[in-house]
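Colleague: Sharing model.cif below, mmCIF, C-alpha atoms and all ligand atoms:
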data_protein
loop_
_atom_site.label_atom_id
_atom_site.label_comp_id
_atom_site.auth_asym_id
_atom_site.auth_seq_id
_atom_site.Cartn_x
_atom_site.Cartn_y
_atom_site.Cartn_z
CA MET A 992 97.29 61.82 82.60
CA GLY A 993 96.47 65.29 83.97
CA PRO A 994 93.67 66.15 86.33
CA MET A 995 90.22 65.91 84.78
CA THR A 996 88.67 69.33 84.97
CA THR A 997 85.72 68.84 82.65
CA LEU A 998 83.08 66.25 83.38
CA ARG A 999 83.15 63.69 80.58
CA GLY A 1000 80.37 61.18 80.41
CA ARG A 1001 79.47 58.37 78.08
CA PHE A 1002 76.73 56.06 76.96
CA ALA A 1003 77.99 52.65 75.93
CA PRO A 1004 75.38 50.28 74.50
CA SER A 1005 76.04 46.93 72.85
CA PRO A 1006 74.84 47.27 69.23
CA THR A 1007 72.91 44.02 69.33
CA GLY A 1008 69.33 45.23 69.14
CA ALA A 1009 67.00 48.15 69.65
CA LEU A 1010 67.41 50.22 72.82
CA HIS A 1011 64.47 49.88 75.18
CA ALA A 1012 62.99 52.46 77.52
CA GLY A 1013 65.43 51.51 80.29
CA ASN A 1014 68.48 51.95 78.04
CA LEU A 1015 67.12 55.26 76.77
CA ARG A 1016 66.54 56.44 80.32
CA THR A 1017 70.14 55.61 81.27
CA ALA A 1018 71.33 57.45 78.15
CA LEU A 1019 69.24 60.48 79.08
CA VAL A 1020 70.68 60.55 82.61
CA ALA A 1021 74.25 60.26 81.30
CA TRP A 1022 73.67 62.98 78.71
CA LEU A 1023 71.89 65.35 81.12
CA GLN A 1024 74.59 64.90 83.72
CA ALA A 1025 77.28 65.81 81.18
CA ARG A 1026 75.46 68.70 79.53
CA SER A 1027 74.09 70.22 82.74
CA SER A 1028 77.66 70.67 83.94
CA GLY A 1029 78.95 71.96 80.60
CA GLY A 1030 80.72 68.65 80.10
CA GLU A 1031 81.37 66.37 77.18
CA PHE A 1032 79.60 63.21 76.14
CA VAL A 1033 80.96 60.18 74.31
CA LEU A 1034 78.98 57.49 72.50
CA ARG A 1035 80.72 54.13 72.58
CA PHE A 1036 79.55 50.90 70.99
CA GLU A 1037 80.60 47.89 73.04
CA ASP A 1038 80.87 45.45 70.18
CA LEU A 1039 83.23 42.75 71.45
CA ASP A 1040 80.73 40.11 70.42
CA ARG A 1041 81.17 40.27 66.69
CA LEU A 1042 78.49 37.69 65.98
CA THR A 1043 75.69 39.66 67.60
CA SER A 1044 76.91 43.24 67.05
CA SER A 1045 76.22 45.01 63.78
CA PRO A 1046 76.71 48.43 62.14
CA GLN A 1047 72.99 48.42 61.41
CA TRP A 1048 72.19 48.31 65.12
CA GLU A 1049 74.76 51.04 65.75
CA GLN A 1050 72.93 53.27 63.29
CA HIS A 1051 69.60 52.33 64.75
CA GLN A 1052 70.70 53.10 68.32
CA ALA A 1053 72.34 56.39 67.28
CA GLY A 1054 69.08 57.29 65.55
CA ASP A 1055 67.10 56.55 68.70
CA LEU A 1056 69.33 58.84 70.75
CA ALA A 1057 69.22 61.61 68.15
CA ALA A 1058 65.42 61.37 68.00
CA LEU A 1059 65.32 62.21 71.71
CA GLY A 1060 67.60 65.20 71.03
CA LEU A 1061 70.76 63.65 72.49
CA ASP A 1062 74.06 64.40 70.78
CA TRP A 1063 77.67 63.35 71.36
CA ASP A 1064 81.15 64.77 70.95
CA GLY A 1065 83.30 63.29 68.21
CA PRO A 1066 82.56 60.17 66.21
CA PRO A 1067 81.22 57.13 68.09
CA GLN A 1068 83.93 54.89 69.56
CA ARG A 1069 84.05 51.12 69.21
CA HIS A 1070 85.67 48.38 71.28
CA SER A 1071 86.55 46.59 68.04
CA ASP A 1072 88.76 49.51 66.91
CA ARG A 1073 90.81 49.42 70.08
CA PHE A 1074 92.11 45.88 70.51
CA ASP A 1075 95.73 47.15 70.51
CA LEU A 1076 94.99 49.16 73.66
CA TYR A 1077 93.52 46.11 75.41
CA ASP A 1078 96.55 44.03 74.36
CA ALA A 1079 98.88 46.68 75.80
CA ALA A 1080 96.94 46.76 79.08
CA GLU A 1081 97.06 42.96 79.29
CA ARG A 1082 100.84 43.05 78.78
CA ARG A 1083 101.14 45.47 81.71
CA LEU A 1084 99.13 43.07 83.87
CA ARG A 1085 101.38 40.19 82.81
CA ASP A 1086 104.41 42.27 83.73
CA LEU A 1087 102.83 42.76 87.17
CA ASP A 1088 102.37 38.98 87.38
CA VAL A 1089 98.71 39.28 88.33
CA LEU A 1090 97.19 37.03 85.64
CA TYR A 1091 96.66 33.30 85.73
CA PRO A 1092 95.12 30.82 83.28
CA CYS A 1093 91.66 29.50 84.09
CA PHE A 1094 90.54 26.28 82.45
CA CYS A 1095 87.06 26.20 83.99
CA THR A 1096 84.05 25.87 81.76
CA ARG A 1097 81.07 28.13 82.28
CA ARG A 1098 79.18 25.15 83.65
CA GLU A 1099 81.89 24.23 86.16
CA ILE A 1100 81.90 27.78 87.47
CA ALA A 1101 78.09 27.87 87.70
CA GLU A 1102 78.04 24.55 89.56
CA ALA A 1103 80.71 25.61 92.03
CA ALA A 1104 79.05 28.99 92.53
CA SER A 1105 75.64 27.45 93.26
CA ALA A 1106 76.97 24.82 95.68
CA PRO A 1107 76.17 25.20 99.39
CA HIS A 1108 78.50 27.88 100.76
CA GLY A 1109 79.35 28.73 97.14
CA PRO A 1110 80.84 32.10 96.29
CA MET A 1111 77.56 33.80 95.29
CA GLY A 1112 78.27 34.70 91.68
CA ARG A 1113 81.98 35.12 92.23
CA TYR A 1114 84.69 33.02 90.64
CA PRO A 1115 85.15 30.03 92.99
CA GLY A 1116 88.94 30.18 92.69
CA THR A 1117 89.39 26.70 91.21
CA CYS A 1118 92.42 27.56 89.06
CA ARG A 1119 93.92 30.25 91.29
CA HIS A 1120 96.49 28.02 92.95
CA LEU A 1121 97.29 25.56 90.17
CA ASP A 1122 100.98 24.69 90.01
CA THR A 1123 102.88 24.30 86.76
CA ALA A 1124 102.16 20.58 86.56
CA GLY A 1125 98.46 21.17 87.11
CA ARG A 1126 98.35 23.81 84.40
CA GLN A 1127 100.19 21.54 81.97
CA ARG A 1128 97.80 18.71 82.68
CA LEU A 1129 94.76 20.91 82.00
CA ALA A 1130 96.37 22.54 78.95
CA ALA A 1131 96.98 19.06 77.54
CA GLY A 1132 93.20 18.63 77.44
CA GLY A 1133 93.24 20.99 74.46
CA ARG A 1134 90.88 23.61 75.85
CA PRO A 1135 92.56 27.05 75.72
CA PRO A 1136 92.42 28.91 79.02
CA ALA A 1137 90.86 32.24 79.81
CA TRP A 1138 93.10 34.63 81.77
CA ARG A 1139 91.97 35.93 85.12
CA LEU A 1140 93.15 38.68 87.37
CA ARG A 1141 94.55 37.60 90.72
CA ALA A 1142 92.60 40.16 92.76
CA GLY A 1143 93.74 38.85 96.13
CA ASP A 1144 90.34 39.57 97.71
CA ALA A 1145 91.20 43.28 97.70
CA GLU A 1146 88.51 45.39 99.37
CA VAL A 1147 87.65 48.34 97.15
CA THR A 1148 85.40 51.33 97.77
CA VAL A 1149 83.99 53.30 94.84
CA ARG A 1150 82.01 56.53 94.86
CA ASP A 1151 78.55 56.50 93.33
CA ARG A 1152 76.53 59.70 93.09
CA LEU A 1153 73.32 57.84 93.87
CA HIS A 1154 74.42 54.91 96.05
CA GLY A 1155 77.17 56.72 97.97
CA GLU A 1156 80.30 54.81 98.97
CA VAL A 1157 80.05 51.26 97.68
CA THR A 1158 82.52 48.73 99.07
CA GLY A 1159 83.09 45.29 97.64
CA VAL A 1160 85.69 42.54 97.47
CA ALA A 1161 87.35 42.49 94.04
CA ASP A 1162 86.67 39.28 92.13
CA ASP A 1163 89.15 37.40 89.95
CA ILE A 1164 87.60 38.77 86.76
CA VAL A 1165 88.47 37.47 83.29
CA VAL A 1166 90.57 39.88 81.23
CA ARG A 1167 91.08 37.59 78.19
CA ARG A 1168 88.38 35.16 77.16
CA ASN A 1169 89.28 31.63 76.20
CA ASP A 1170 88.37 32.40 72.57
CA GLY A 1171 91.16 35.00 72.55
CA VAL A 1172 88.87 38.04 72.62
CA PRO A 1173 89.55 40.70 75.27
CA ALA A 1174 87.00 40.41 78.07
CA TYR A 1175 84.37 43.10 78.54
CA ASN A 1176 85.73 44.00 81.97
CA LEU A 1177 89.15 44.82 80.51
CA ALA A 1178 87.78 46.71 77.51
CA VAL A 1179 85.42 48.87 79.53
CA VAL A 1180 88.06 49.76 82.14
CA VAL A 1181 90.65 50.62 79.47
CA ASP A 1182 88.21 52.65 77.38
CA ASP A 1183 86.82 54.63 80.31
CA ALA A 1184 90.38 55.58 81.24
CA GLU A 1185 91.83 56.13 77.78
CA GLN A 1186 88.79 58.20 76.75
CA ASP A 1187 89.15 60.31 79.92
CA ILE A 1188 85.66 59.47 81.12
CA SER A 1189 85.27 61.11 84.53
CA ASP A 1190 81.73 59.89 85.22
CA VAL A 1191 80.33 56.48 84.39
CA VAL A 1192 76.54 56.37 84.21
CA ARG A 1193 75.08 52.91 83.58
CA GLY A 1194 72.49 50.42 84.77
CA ASP A 1195 72.73 49.25 88.34
CA ASP A 1196 73.06 45.62 87.25
CA LEU A 1197 76.75 46.55 86.98
CA LEU A 1198 77.03 47.94 90.50
CA THR A 1199 78.32 44.69 92.03
CA ILE A 1200 81.13 44.28 89.48
CA THR A 1201 82.24 47.91 89.88
CA PRO A 1202 84.72 47.38 92.77
CA SER A 1203 86.36 44.64 90.67
CA GLN A 1204 86.63 46.96 87.68
CA ALA A 1205 88.00 49.75 89.86
CA HIS A 1206 90.62 47.36 91.24
CA LEU A 1207 91.66 46.46 87.69
CA GLY A 1208 91.93 50.17 86.89
CA ASP A 1209 94.05 50.70 90.01
CA LEU A 1210 96.50 48.02 88.85
CA LEU A 1211 96.74 49.74 85.47
CA GLY A 1212 97.47 53.05 87.19
CA TYR A 1213 94.25 54.76 86.13
CA VAL A 1214 92.55 57.64 87.92
CA ARG A 1215 89.34 56.47 89.62
CA ARG A 1216 86.06 57.32 87.99
CA THR A 1217 82.90 58.50 89.72
CA TYR A 1218 79.84 56.35 89.10
CA LEU A 1219 76.10 56.76 88.87
CA HIS A 1220 74.30 53.45 88.66
CA VAL A 1221 70.78 54.06 87.42
CA PRO A 1222 68.08 51.80 88.90
CA LEU A 1223 66.61 49.02 86.88
CA VAL A 1224 63.51 49.52 84.79
CA VAL A 1225 60.88 46.83 85.26
CA GLY A 1226 57.62 45.89 83.61
CA ALA A 1227 54.23 45.87 85.30
CA ASP A 1228 55.04 42.43 86.75
CA GLY A 1229 58.11 43.78 88.54
CA GLN A 1230 60.47 41.81 86.33
CA ARG A 1231 63.35 43.40 84.45
CA LEU A 1232 62.11 45.09 81.26
CA ALA A 1233 62.22 42.62 78.36
CA LYS A 1234 60.60 41.77 75.02
CA ARG A 1235 57.72 39.95 76.63
CA HIS A 1236 56.59 43.22 78.20
CA GLY A 1237 55.37 44.33 74.76
CA ALA A 1238 56.05 47.86 73.54
CA ILE A 1239 59.39 48.86 75.05
CA THR A 1240 61.57 50.10 72.15
CA ARG A 1241 61.18 53.49 70.49
CA ASP A 1242 59.84 51.88 67.30
CA GLN A 1243 57.33 49.78 69.21
CA LEU A 1244 56.25 52.78 71.25
CA ALA A 1245 55.86 54.84 68.07
CA GLY A 1246 53.64 52.07 66.77
CA ARG A 1247 51.44 52.63 69.81
CA GLY A 1248 51.27 56.33 69.03
CA CYS A 1249 53.92 57.46 71.50
CA SER A 1250 55.85 60.37 69.97
CA ASP A 1251 59.55 60.93 70.62
CA VAL A 1252 58.75 64.03 72.65
CA ARG A 1253 56.24 62.14 74.77
CA LEU A 1254 58.72 59.32 75.29
CA ARG A 1255 61.36 61.81 76.46
CA ASP A 1256 58.82 63.44 78.77
CA LEU A 1257 57.97 60.02 80.26
CA LEU A 1258 61.66 59.38 80.89
CA ALA A 1259 62.10 62.87 82.36
CA ALA A 1260 59.10 62.38 84.66
CA SER A 1261 60.60 59.10 85.88
CA LEU A 1262 63.74 61.05 86.81
CA GLY A 1263 61.74 63.53 88.86
CA LEU A 1264 62.46 66.40 86.45
CA ILE A 1265 58.83 67.08 85.46
CA GLY A 1266 55.46 65.92 86.68
CA ASP A 1267 53.49 63.08 85.13
CA GLY A 1268 51.83 64.30 81.96
CA GLU A 1269 53.96 67.43 81.81
CA HIS A 1270 56.15 68.51 78.92
CA ALA A 1271 59.55 70.18 78.95
CA GLU A 1272 61.97 71.17 76.23
CA LEU A 1273 65.35 69.47 76.35
CA ALA A 1274 67.07 72.71 77.42
CA GLU A 1275 64.72 72.93 80.42
CA LEU A 1276 65.64 69.37 81.40
CA VAL A 1277 69.32 70.34 81.23
CA ASP A 1278 68.60 73.24 83.60
CA ARG A 1279 66.57 71.10 85.98
CA PHE A 1280 68.74 67.99 86.08
CA ASP A 1281 69.68 67.11 89.62
CA VAL A 1282 71.03 63.75 90.76
CA ALA A 1283 69.35 64.35 94.13
CA ARG A 1284 65.97 63.82 92.46
CA LEU A 1285 66.86 60.26 91.47
CA THR A 1286 65.79 57.37 93.66
CA THR A 1287 67.32 53.92 94.03
CA SER A 1288 64.01 52.13 93.50
CA PRO A 1289 63.18 50.54 90.13
CA TRP A 1290 61.05 52.41 87.62
CA VAL A 1291 57.94 50.59 86.44
CA PHE A 1292 57.43 51.14 82.73
CA ASP A 1293 54.11 50.09 81.24
CA ILE A 1294 52.96 52.01 78.19
CA SER A 1295 49.46 50.56 78.44
CA THR A 1296 48.83 52.74 81.50
CA VAL A 1297 50.00 55.97 79.82
CA THR A 1298 47.37 58.28 78.41
CA ASP A 1299 47.95 61.19 76.03
CA LEU A 1300 50.68 59.46 74.05
CA SER A 1301 51.10 62.05 71.35
CA GLY A 1302 52.74 64.68 73.53
CA SER A 1303 52.34 68.41 73.35
CA ALA A 1304 55.09 69.35 70.89
ZN ZN B 1401 89.26 28.18 86.54
#
Please lay out the structure from this file as structure tokens.
Modeller:
Amino acid sequence: MGPMTTLRGRFAPSPTGALHAGNLRTALVAWLQARSSGGEFVLRFEDLDRLTSSPQWEQHQAGDLAALGLDWDGPPQRHSDRFDLYDAAERRLRDLDVLYPCFCTRREIAEAASAPHGPMGRYPGTCRHLDTAGRQRLAAGGRPPAWRLRAGDAEVTVRDRLHGEVTGVADDIVVRRNDGVPAYNLAVVVDDAEQDISDVVRGDDLLTITPSQAHLGDLLGYVRRTYLHVPLVVGADGQRLAKRHGAITRDQLAGRGCSDVRLRDLLAASLGLIGDGEHAELAELVDRFDVARLTTSPWVFDISTVTDLSGSA
């Protein structure tokens, strides 16, 4: 893979429902970052969960982005079209002898992780040192294993345009789920590399897993990406934006009289690009976009406090 000269960004939602204001804000940041530097922008649907993902939600989400004026280069990509790439990456990891079977249930991991002196959301390492006899005994129970990466507590530092240098200890992340489906962490690392994404913009709930993903990418020989983890959006109660906060999707906001232009202006104001109540054309936002205006504090979104919902366009 040659040096990446053009910034290439992406927005990668799961097509499992309507995008809410926080998702749309992340999409706007990713798009503005790409376009303001003359770069490219990829739309990727992360649809590993076939039961909850649907083409209807893909269309709906693409429509939401288009309504805000956001466009993308090439047809949308899909995890589900790329399983052969994930299989190939997993084979490389097997060749490196860095995978091991994990027989733990979700509950066992949660219990171990919440125990006193537990590993704080990390895999507790239960299956890491199983010998052949131990593996055979657990396999005989009939439950197929997931496959985890032996990360060896590697300390990894990634570069984030908002958070600076972020250092973490790589976790033993799952690369193949026990139902046989490639794990999200493998799919996202492979896709970001194979699609030549130079800059990953996403919600900061993924900041803590990022060193683990970067470590996985290192093992696969990928060039490191640069990150921008956008702060959480919360409701008036300070809790992560969710259905119970009322009008949070574009459709719901439209039902409250909030036009697409006004919604985009609200998002732009939250990014420090315009003042509250101001309007800017999309091209102006491209000109003004500056990561330095972003803050690491959460954005409080509460449409009931917004006046002048119709916008000026
Ligand atoms: Zn285990």
Colleague: Taking (84.8, 40.1, 99.8) in the file's own coordinates, collect the residues within 10 Å, counting only C-alpha atoms, and hand them back as a list of chain:residue names.
Modeller: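 The distance filter leaves exactly A:Pro1110, A:Arg1113, A:Gly1143, A:Asp1144, A:Ala1145, A:Glu1146, A:Val1147, A:Thr1158, A:Gly1159, A:Val1160, A:Ala1161, A:Asp1162.
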Colleague: Using only C-alpha atoms and all ligand atoms, what are the residues with an atom within 12 Å of ligand ZN 1401 (chain B), set out as JSON, numbers by chain?
Modeller: {"A": [1090, 1091, 1092, 1093, 1094, 1095, 1096, 1097, 1098, 1099, 1100, 1101, 1103, 1104, 1113, 1114, 1115, 1116, 1117, 1118, 1119, 1120, 1121, 1125, 1126, 1129, 1130, 1134, 1135, 1136, 1137, 1138, 1139, 1140, 1141, 1163, 1164, 1165, 1168, 1169]}
Colleague: Which residue, A:Leu1061, A:Val1291, A:Leu1254, A:Val1180, has the smallest gap to Leu1232 (chain A) when you use all atoms listed in the file?
Modeller: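 Residue with the minimum atom-to-atom distance to Leu1232 (chain A): A:Val1291.
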Colleague: Return the single residue from A:Leu1207, A:Val1172, A:Leu1198, A:Val1192 that is closest to Leu1087 (chain A), with distances computed using only C-alpha atoms.
Modeller: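 Closest candidate: A:Leu1207.
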Colleague: Give me, please, the distance in Å between CA of Ala1271 (chain A) and CA of Asp1064 (chain A), quoted to one decimal.
Modeller: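 For CA of Ala1271 (chain A) relative to CA of Asp1064 (chain A), the distance reads 23.7 Å.
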Colleague: Find the distance between CA of Ala1025 (chain A) and CA of Gly1000 (chain A) and write it in Å to one decimal.
Modeller: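 Rounded to one decimal, the two atoms are 5.6 Å apart.
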Colleague: Measuring between all atoms listed in the file, which one of A:Val1225, A:Leu1039, A:Ala1245, A:Val1277 shows the shortest distance to Ala1058 (chain A)?
Modeller: A:Ala1245
Colleague: Listed atoms of region 1248-1251 of chain A, axis-aligned box, 4 Å per side: centre and edge lengths to one decimal in Å, as AutoDock Vina command-line options?
Modeller:
--center_x 55.4 --center_y 58.6 --center_z 70.3 --size_x 16.3 --size_y 12.6 --size_z 10.5
Colleague: Using all atoms listed in the file, find each residue of region 1220-1292 of chain A with at least one atom at most 6 Å away from an atom of region 1007-1021 of chain A; report its shortest atom-to-atom pair and that distance in Å (one decimal), sort the rows by chain and rising residue number, and return the result as a Markdown table.
Modeller:
| residue | atom | partner | partner_atom | distance |
| --- | --- | --- | --- | --- |
| A:Val1224 | CA | A:Gly1013 | CA | 5.3 |
| A:Ile1239 | CA | A:His1011 | CA | 5.2 |
| A:Thr1240 | CA | A:His1011 | CA | 4.2 |
| A:Leu1258 | CA | A:Arg1016 | CA | 5.7 |
Colleague: Between A:His1270, A:Arg1083, A:Arg1235, A:His1108, which one has atoms that come closest to Asp1251 (chain A), using all atoms listed in the file?
Modeller: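 Counting all atoms listed in the file, the residue closest to Asp1251 (chain A) is A:His1270.
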Colleague: How many Å lie between CA of Trp1063 (chain A) and CA of Arg1193 (chain A), rounded to one decimal?
Modeller: 16.3 Å
Colleague: Would you mind listing what lies within 10 Å of Arg1150 (chain A) as a ChimeraX atom specification, with all atoms listed in the file counted and same-chain residues fewer than 4 positions away left out?
Modeller: /A:1154-1158,1201-1202,1215-1219
Colleague: For Ala1080 (chain A), which of A:Asp1299, A:Glu1102, A:Asp1182, A:Asp1256 is the closest residue, counting all atoms listed in the file?
Modeller: A:Asp1182
Colleague: Please return as a ChimeraX atom specification every residue within 12 Å of (86.3, 47.7, 74.5), taking into account only C-alpha atoms and the file's own coordinates.
Modeller: /A:1003-1005,1035-1041,1068-1078,1080,1166-1167,1172-1186
